[in-house]
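Since the structure comes first, as structure tokens, the remarks are kept for the end.
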Amino acid sequence: MTTRPIITLTTDFGTSDHYVSSMKAVILGINPDVRIIDISHDIPPQDVMAGAWVVRNASMLFPPETIHVVVVDPGVGTNRTPVAIRIKDQLFVGPDNGIFSLIGEDFEYQAIHLNREAFWRDERSNTFHGRDIFAPVAAHLSGGTPLHELGSPILKLVTFRWAVPIADRDGIQGWIVHIDRFGNLISNISEKMIRDHVDQGRTFRIYVGNTILDTIHTTFASVPDGEPVGYIGSTGKLEVAINRGNAREMLGVEKGAQISIILQR
Amino acid sequence: MTTRPIITLTTDFGTSDHYVSSMKAVILGINPDVRIIDISHDIPPQDVMAGAWVVRNASMLFPPETIHVVVVDPGVGTNRTPVAIRIKDQLFVGPDNGIFSLIGEDFEYQAIHLNREAFWRDERSNTFHGRDIFAPVAAHLSGGTPLHELGSPILKLVTFRWAVPIADRDGIQGWIVHIDRFGNLISNISEKMIRDHVDQGRTFRIYVGNTILDTIHTTFASVPDGEPVGYIGSTGKLEVAINRGNAREMLGVEKGAQISIILQR
Amino acid sequence: MTTRPIITLTTDFGTSDHYVSSMKAVILGINPDVRIIDISHDIPPQDVMAGAWVVRNASMLFPPETIHVVVVDPGVGTNRTPVAIRIKDQLFVGPDNGIFSLIGEDFEYQAIHLNREAFWRDERSNTFHGRDIFAPVAAHLSGGTPLHELGSPILKLVTFRWAVPIADRDGIQGWIVHIDRFGNLISNISEKMIRDHVDQGRTFRIYVGNTILDTIHTTFASVPDGEPVGYIGSTGKLEVAINRGNAREMLGVEKGAQISIILQR
């Protein structure tokens with residue numbers, strides 16, 4: 001018995017409307033054996049980079065040949081291009097609007113402009129390509145249609161770059177790029193960058209909002225309840241949390257805020 | 001290998017309680033091979049017509065013989081009737097309280113009053129027929145029990161009618177029947193009705209709340225960011241959105257509001 | 001054909017981040033044939049007892065040998081113990097922090113301290129044992145690894161006790177232990193306790209917040225719309241609701257409030 005193919009779904013559709021289940025219905029109509037896994041449908045509406053963050057962190061963990069359908073698509077129906085992409089052993093389907101920026105930046109990719117309408121739904125709207133283009137294309141991919149048959153090769157995806165943290169002899173300047181459900185502040189400063197620029201034993205201060213920390217702990221529960229704590233999170237980046245509390249609310253820090261590691265003299 | 005049967009679930013139970021998973025546990029206990037697809041558990045509590053809208057738009061896209069369990073059931077435990085229904089190649093299970101109004105209105109149906117307790121759960125509560133009646137009945141249907149064995153035929157389902165849009169020589173008068181996660185205002189005025197009553201090239205105005213539009217565009221991204229736009233949405237009805245914005249919030253329009261197309265002289 | 005194993009997931013991770021799907025990716029990488037069922041990801045952040053409540057009410061309904069992964073884990077990365085447990089014909093995996101209190105209280109259990117790192121993920125963080133320990137352990141269990149191979153036996157799980165209702169000749173004193181999505185107030189007073197202490201025909205008053213009731217009805221729809229109603233809910237406990245309304249909001253009662261049944265003289 002061969003393993004059943006997997007299609008994941010990441011959208012900003014929410015779960016109170018019929019949009020997500022319409023995509024599932026179309027997929028199952030084309031390939032009834034596929035497994036469908038929801039990654040998230042709670043991407044903030046039309047927030048392409050928030051979607052890119054979730055996709056980057058979830059997708060590369062899946063078994064080989066998983067197909068990730070990603071629909072955060074404020075430009076649906078305009079001339080933005082529908083694409084399918086291979087990155088390492090994973091496949092991606094969605095609009096070429098920057099949603100694949102964070103994985104496309106880290107890895108080589110092979111991209112196809114989806115322009116073979118034979119793989120689309122017969123009835124097509126101008127506002128719901130998730131149901132009418134991306135879902136059927138993913139279902140055909142899962143059924144064995146090779147990537148290159150779905151359209152024409154394209155060389156360069158639309159890519160947005162997040163601000164990259166800056167290191168100099170005074171320390172590291174980064175940004176809060178995501179805040180999770182717990183209110184944990186997730187920065188773009190990697191553990192490796194800290195190792196490279198903060199010598200073992202060197203004292204430092206971490207500044208974020210009005211909060212100053214002087215230690216990177218192992219986990220949020222390393223400090224007493226209600227206290228702020230810096231630690232390396234599960235994506236390998238510096239995070240700031242409140243033990244058993246919500247750092248966003250209690251520290252008043254929002255996405256996009258600066259976070260600095262300043263070396264002490 | 002035969003294709004595994006599909007059961008979909010649509011409820012107002014939310015996902016923070018054990019209600020939805022209790023239904024899944026009961027289904028899997030009776031038919032471990034069934035596929036379970038969540039349509040939505042975020043129907044506003046006890047809002048039968050909001051549930052009817054989601055079911056209508058999602059269900060008919062599914063593969064033949066899909067079984068749709070729909071539980072928005074404020075009258076559970078009273079004398080409202082539990083039913084199973086065949087509509088075209090789809091099956092439905094739920095309370096006969098109007099939740100099937102929108103599909104029952106569009107299609108012929110064959111309905112059964114669920115009164116054979118052999119197909120129910122042994123332990124039964126008065127407040128959770130989703131777990132105790134509808135889930136086990138759906139599981140038995142998915143396992144091959146014929147519809148007519150589940151109870152006695154009934155001729156007429158409880159049906160609520162939504163206001164139907166009205167057309168005359170001045171134009172079309174309709175209503176906003178749903179507002180989606182994006183804040184898009186979805187009317188009950190169909191593309192066909194517009195084609196039938198607004199001659200090609202005839203000028204018109206669309207009035208909704210305090211907003212006046214004079215064009216039906218292809219998609220919401222046809223206008224600059226932040227501007228209101230009318231277009232035919234993915235359910236074939238006239239919608240009004242704000243490009244990259246939330247029309248409900250920015251236009252101050254709620255479900256039930258009037259929307260008019262007035263022909264210009 | 002043997003039935004595919006089932007893994008359920010209950011977490012406080014929400015569905016807007018990549019946390020839940022990372023767990024699913026890890027599970028499917030180890031055992032691609034397993035079925036994954038979401039119980040809830042909307043447990044209030046770090047509310048161990050709210051998680052315990054959902055697990056208790058959902059888990060025991062699942063088919064034999066279902067594996068329940070439960071991750072509400074504010075102490076992740078500290079010395080709290082990761083465990084796997086057999087309770088009757090169900091298996092559980094998660095932190096030993098009280099999350100299994102309510103089932104461990106009702107049933108005998110066999111518990112294992114998860115200390116065989118061979119069954120964990122190679123790369124491990126200090127803040128995401130859901131992905132790095134609990135998901136892979138559950139996947140190995142689902143693939144046939146016996147419970148006792150995953151670690152060393154432990155005799156006693158961490159158990160928190162909820163206040164137990166008290167009965168005397170004046171009546172019963174209990175507490176609201178959960179409020180569901182509908183705002184229904186769910187107490188810890190069981191139907192059996194009421195039968196044992198309130199003689200048939202004896203008059204009584206139910207006091208909760210500022211509301212006084214004198215009847216236990218069959219279902220919430222037994223009273224007119226908008227009125228408060230007491231009834232035995234689907235978990236076998238006394239509940240108070242507003243018919244077609246939200247009792248939490250309309251009666252101003254929160255979780256933890258007292259509820260009393262006072263016998264009349």
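Ordering of the structure tokens sets the chain letters (A, B, ...); residue numbers start at 1 within each chain; ligands are numbered from 1 in the order shown.
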At a cut-off of 6 Å, list the chain B residues touching chain A, using only C-alpha atoms, as an mmCIF file with N, CA and C atoms, in the first residue's frame.
```
data_model
loop_
_atom_site.group_PDB
_atom_site.id
_atom_site.type_symbol
_atom_site.label_atom_id
_atom_site.label_comp_id
_atom_site.auth_asym_id
_atom_site.auth_seq_id
_atom_site.Cartn_x
_atom_site.Cartn_y
_atom_site.Cartn_z
ATOM 1 N N ILE B 39 -16.958 21.475 8.228
ATOM 2 C CA ILE B 39 -17.336 22.638 7.406
ATOM 3 C C ILE B 39 -17.197 23.895 8.252
ATOM 4 N N SER B 40 -17.925 23.995 9.329
ATOM 5 C CA SER B 40 -17.726 25.114 10.249
ATOM 6 C C SER B 40 -18.316 24.753 11.597
ATOM 7 N N ASP B 42 -18.289 27.482 13.725
ATOM 8 C CA ASP B 42 -18.372 28.875 14.159
ATOM 9 C C ASP B 42 -19.632 29.564 13.661
ATOM 10 N N ILE B 43 -20.677 28.783 13.364
ATOM 11 C CA ILE B 43 -21.972 29.401 13.096
ATOM 12 C C ILE B 43 -22.346 30.181 14.360
ATOM 13 N N VAL B 54 -24.352 28.691 5.147
ATOM 14 C CA VAL B 54 -23.067 27.992 4.987
ATOM 15 C C VAL B 54 -23.303 26.616 4.368
ATOM 16 N N ALA B 58 -21.702 25.306 0.784
ATOM 17 C CA ALA B 58 -20.609 24.326 0.817
ATOM 18 C C ALA B 58 -21.051 22.951 0.355
ATOM 19 N N LEU B 61 -21.066 21.031 -3.377
ATOM 20 C CA LEU B 61 -19.791 20.837 -4.067
ATOM 21 C C LEU B 61 -19.138 19.499 -3.736
ATOM 22 N N PHE B 62 -19.619 18.827 -2.700
ATOM 23 C CA PHE B 62 -18.928 17.615 -2.237
ATOM 24 C C PHE B 62 -19.201 16.425 -3.160
ATOM 25 N N PRO B 63 -18.328 15.405 -3.100
ATOM 26 C CA PRO B 63 -18.530 14.216 -3.918
ATOM 27 C C PRO B 63 -19.872 13.556 -3.612
ATOM 28 N N THR B 219 -13.525 42.351 -9.760
ATOM 29 C CA THR B 219 -13.043 41.836 -8.483
ATOM 30 C C THR B 219 -12.794 43.019 -7.555
ATOM 31 N N ALA B 221 -10.159 43.943 -6.135
ATOM 32 C CA ALA B 221 -8.886 44.631 -6.367
ATOM 33 C C ALA B 221 -8.915 45.482 -7.643
ATOM 34 N N SER B 234 -18.214 34.975 -5.370
ATOM 35 C CA SER B 234 -17.991 33.575 -5.738
ATOM 36 C C SER B 234 -19.241 32.717 -5.573
#
```
DSSP alpha helix (DSSP H) residues within region 14-240 of chain C, listed as an mmCIF file with C-alpha atoms, in the first residue's frame:
```cif
data_model
loop_
_atom_site.group_PDB
_atom_site.id
_atom_site.type_symbol
_atom_site.label_atom_id
_atom_site.label_comp_id
_atom_site.auth_asym_id
_atom_site.auth_seq_id
_atom_site.Cartn_x
_atom_site.Cartn_y
_atom_site.Cartn_z
ATOM 1 C CA TYR C 19 2.367 25.076 16.460
ATOM 2 C CA VAL C 20 -0.476 22.610 15.872
ATOM 3 C CA SER C 21 0.490 21.847 12.286
ATOM 4 C CA SER C 22 4.110 21.281 13.341
ATOM 5 C CA MET C 23 2.883 18.527 15.644
ATOM 6 C CA LYS C 24 0.821 17.016 12.825
ATOM 7 C CA ALA C 25 3.805 17.147 10.462
ATOM 8 C CA VAL C 26 5.997 15.298 12.968
ATOM 9 C CA ILE C 27 3.319 12.655 13.581
ATOM 10 C CA LEU C 28 2.736 12.046 9.856
ATOM 11 C CA GLY C 29 6.486 11.830 9.262
ATOM 12 C CA ILE C 30 6.697 8.914 11.703
ATOM 13 C CA VAL C 48 -4.522 23.237 32.867
ATOM 14 C CA MET C 49 -7.846 22.483 34.525
ATOM 15 C CA ALA C 50 -9.873 23.778 31.578
ATOM 16 C CA GLY C 51 -7.879 21.347 29.440
ATOM 17 C CA ALA C 52 -8.468 18.575 31.953
ATOM 18 C CA TRP C 53 -12.213 19.187 31.702
ATOM 19 C CA VAL C 54 -12.314 18.926 27.899
ATOM 20 C CA VAL C 55 -10.108 15.818 27.895
ATOM 21 C CA ARG C 56 -12.244 14.102 30.509
ATOM 22 C CA ASN C 57 -15.454 14.727 28.610
ATOM 23 C CA ALA C 58 -14.200 13.866 25.120
ATOM 24 C CA SER C 59 -11.581 11.155 25.461
ATOM 25 C CA SER C 101 -6.389 15.038 36.965
ATOM 26 C CA LEU C 102 -10.012 14.549 36.095
ATOM 27 C CA ILE C 103 -9.627 11.218 34.329
ATOM 28 C CA GLY C 104 -6.938 9.977 36.718
ATOM 29 C CA GLU C 105 -9.350 10.654 39.561
ATOM 30 C CA ASP C 106 -12.147 8.586 38.061
ATOM 31 C CA HIS C 129 7.765 19.558 23.744
ATOM 32 C CA ALA C 135 3.969 14.190 19.010
ATOM 33 C CA PRO C 136 6.738 11.705 18.158
ATOM 34 C CA VAL C 137 5.975 9.532 21.195
ATOM 35 C CA ALA C 138 2.304 9.394 20.206
ATOM 36 C CA ALA C 139 3.262 8.520 16.632
ATOM 37 C CA HIS C 140 5.451 5.660 17.852
ATOM 38 C CA LEU C 141 2.632 4.416 20.101
ATOM 39 C CA SER C 142 0.274 4.507 17.127
ATOM 40 C CA GLU C 191 -27.802 14.007 38.497
ATOM 41 C CA LYS C 192 -27.124 11.086 40.839
ATOM 42 C CA MET C 193 -26.255 13.392 43.741
ATOM 43 C CA ILE C 194 -29.519 15.234 43.223
ATOM 44 C CA ARG C 195 -31.478 11.962 43.132
ATOM 45 C CA ASP C 196 -29.747 10.822 46.323
ATOM 46 C CA HIS C 197 -30.379 14.014 48.300
#
```
key: DSSP-assigned strand (DSSP E or B) members of region 45-119 of chain A, reported as a PyMOL selection string   = chain A and resi 67-71+82-87+90-95+110-114
Those same residues, written as a short mmCIF file (atom, residue, chain, number, x, y, z; two decimals), in the first residue's frame with C-alpha atoms?
```cif
data_model
loop_
_atom_site.label_atom_id
_atom_site.label_comp_id
_atom_site.auth_asym_id
_atom_site.auth_seq_id
_atom_site.Cartn_x
_atom_site.Cartn_y
_atom_site.Cartn_z
CA ILE A 67 1.47 19.82 -1.23
CA HIS A 68 0.89 23.12 0.59
CA VAL A 69 -1.96 25.28 -0.69
CA VAL A 70 -1.54 28.84 0.58
CA VAL A 71 -4.25 31.39 -0.08
CA PRO A 82 -1.01 31.86 -9.85
CA VAL A 83 1.99 29.59 -9.23
CA ALA A 84 3.09 26.12 -8.18
CA ILE A 85 6.55 25.69 -6.71
CA ARG A 86 8.89 22.89 -5.68
CA ILE A 87 11.21 23.70 -2.76
CA GLN A 90 7.81 20.04 -0.69
CA LEU A 91 5.31 21.49 -3.17
CA PHE A 92 3.46 24.79 -2.88
CA VAL A 93 0.45 26.23 -4.71
CA GLY A 94 -0.88 29.78 -4.41
CA PRO A 95 -0.70 33.36 -5.67
CA GLN A 110 11.50 25.62 -9.21
CA ALA A 111 8.40 27.68 -10.10
CA ILE A 112 5.61 27.22 -12.62
CA HIS A 113 3.12 29.86 -13.80
CA LEU A 114 -0.26 28.08 -13.60
#
```
task = Between CA of Val229 (chain C) and CA of Val72 (chain B), measure the distance and give it in Å to one decimal.
result = 19.4 Å
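Using only C-alpha atoms, the smallest distance between any of B:Gly98, B:Pro224, B:Gly171, B:Gly256 and Ala241 (chain B) comes from B:Pro224.
The smallest atom-to-atom distance between Arg244 (chain B) and any of B:Ile216, B:Ile259, B:Val223, B:Ile179, using only C-alpha atoms, is found for B:Val223.
Atom pair CA of Arg121 (chain C) / CA of Ile189 (chain A) has a distance of 23.8 Å (rounded to one decimal).
Pairwise distance (CA of Lys156 (chain C), CA of Ile186 (chain C)) equals 28.9 Å.
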Pick out the residues sitting within 8 Å of Asp38 (chain A), and hand them over as a PDB file with N, CA and C atoms, in the first residue's frame; count only C-alpha atoms, and ignore anything fewer than 6 positions along from it in its own chain.
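And here's part33.pdb as it stands now:
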```
ATOM      1  N   THR A   8      -1.894  20.326   2.506  1.00  0.00           N
ATOM      2  CA  THR A   8      -2.168  21.212   3.635  1.00  0.00           C
ATOM      3  C   THR A   8      -2.819  22.492   3.114  1.00  0.00           C
ATOM      4  N   LEU A   9      -3.590  23.132   3.994  1.00  0.00           N
ATOM      5  CA  LEU A   9      -4.263  24.386   3.648  1.00  0.00           C
ATOM      6  C   LEU A   9      -3.878  25.482   4.637  1.00  0.00           C
ATOM      7  N   THR A  10      -3.458  26.616   4.113  1.00  0.00           N
ATOM      8  CA  THR A  10      -3.195  27.805   4.929  1.00  0.00           C
ATOM      9  C   THR A  10      -3.906  28.972   4.261  1.00  0.00           C
TER      10      THR A  10
ATOM     11  N   SER C  21       0.132  22.551  13.524  1.00  0.00           N
ATOM     12  CA  SER C  21       0.490  21.847  12.286  1.00  0.00           C
ATOM     13  C   SER C  21       1.896  21.277  12.368  1.00  0.00           C
TER      14      SER C  21
END
```
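Considering only C-alpha atoms, the residue among A:Leu263, A:Ala118, A:Leu150, A:Val177 positioned nearest to Trp162 (chain A) is A:Val177.
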Might you pull out every residue within 10 Å of Asn210 (chain A), with only C-alpha atoms counted and same-chain residues fewer than 2 positions away left off, and present them as an mmCIF file with C-alpha atoms, in the first residue's frame?
```cif
data_model
loop_
_atom_site.group_PDB
_atom_site.id
_atom_site.type_symbol
_atom_site.label_atom_id
_atom_site.label_comp_id
_atom_site.auth_asym_id
_atom_site.auth_seq_id
_atom_site.Cartn_x
_atom_site.Cartn_y
_atom_site.Cartn_z
ATOM 1 C CA TYR A 207 15.906 46.145 25.319
ATOM 2 C CA VAL A 208 12.353 45.717 24.057
ATOM 3 C CA ILE A 212 15.323 45.553 30.027
ATOM 4 C CA LEU A 251 4.811 44.866 28.132
ATOM 5 C CA GLY A 252 2.759 46.851 25.606
ATOM 6 C CA VAL A 253 4.868 45.685 22.665
#
```
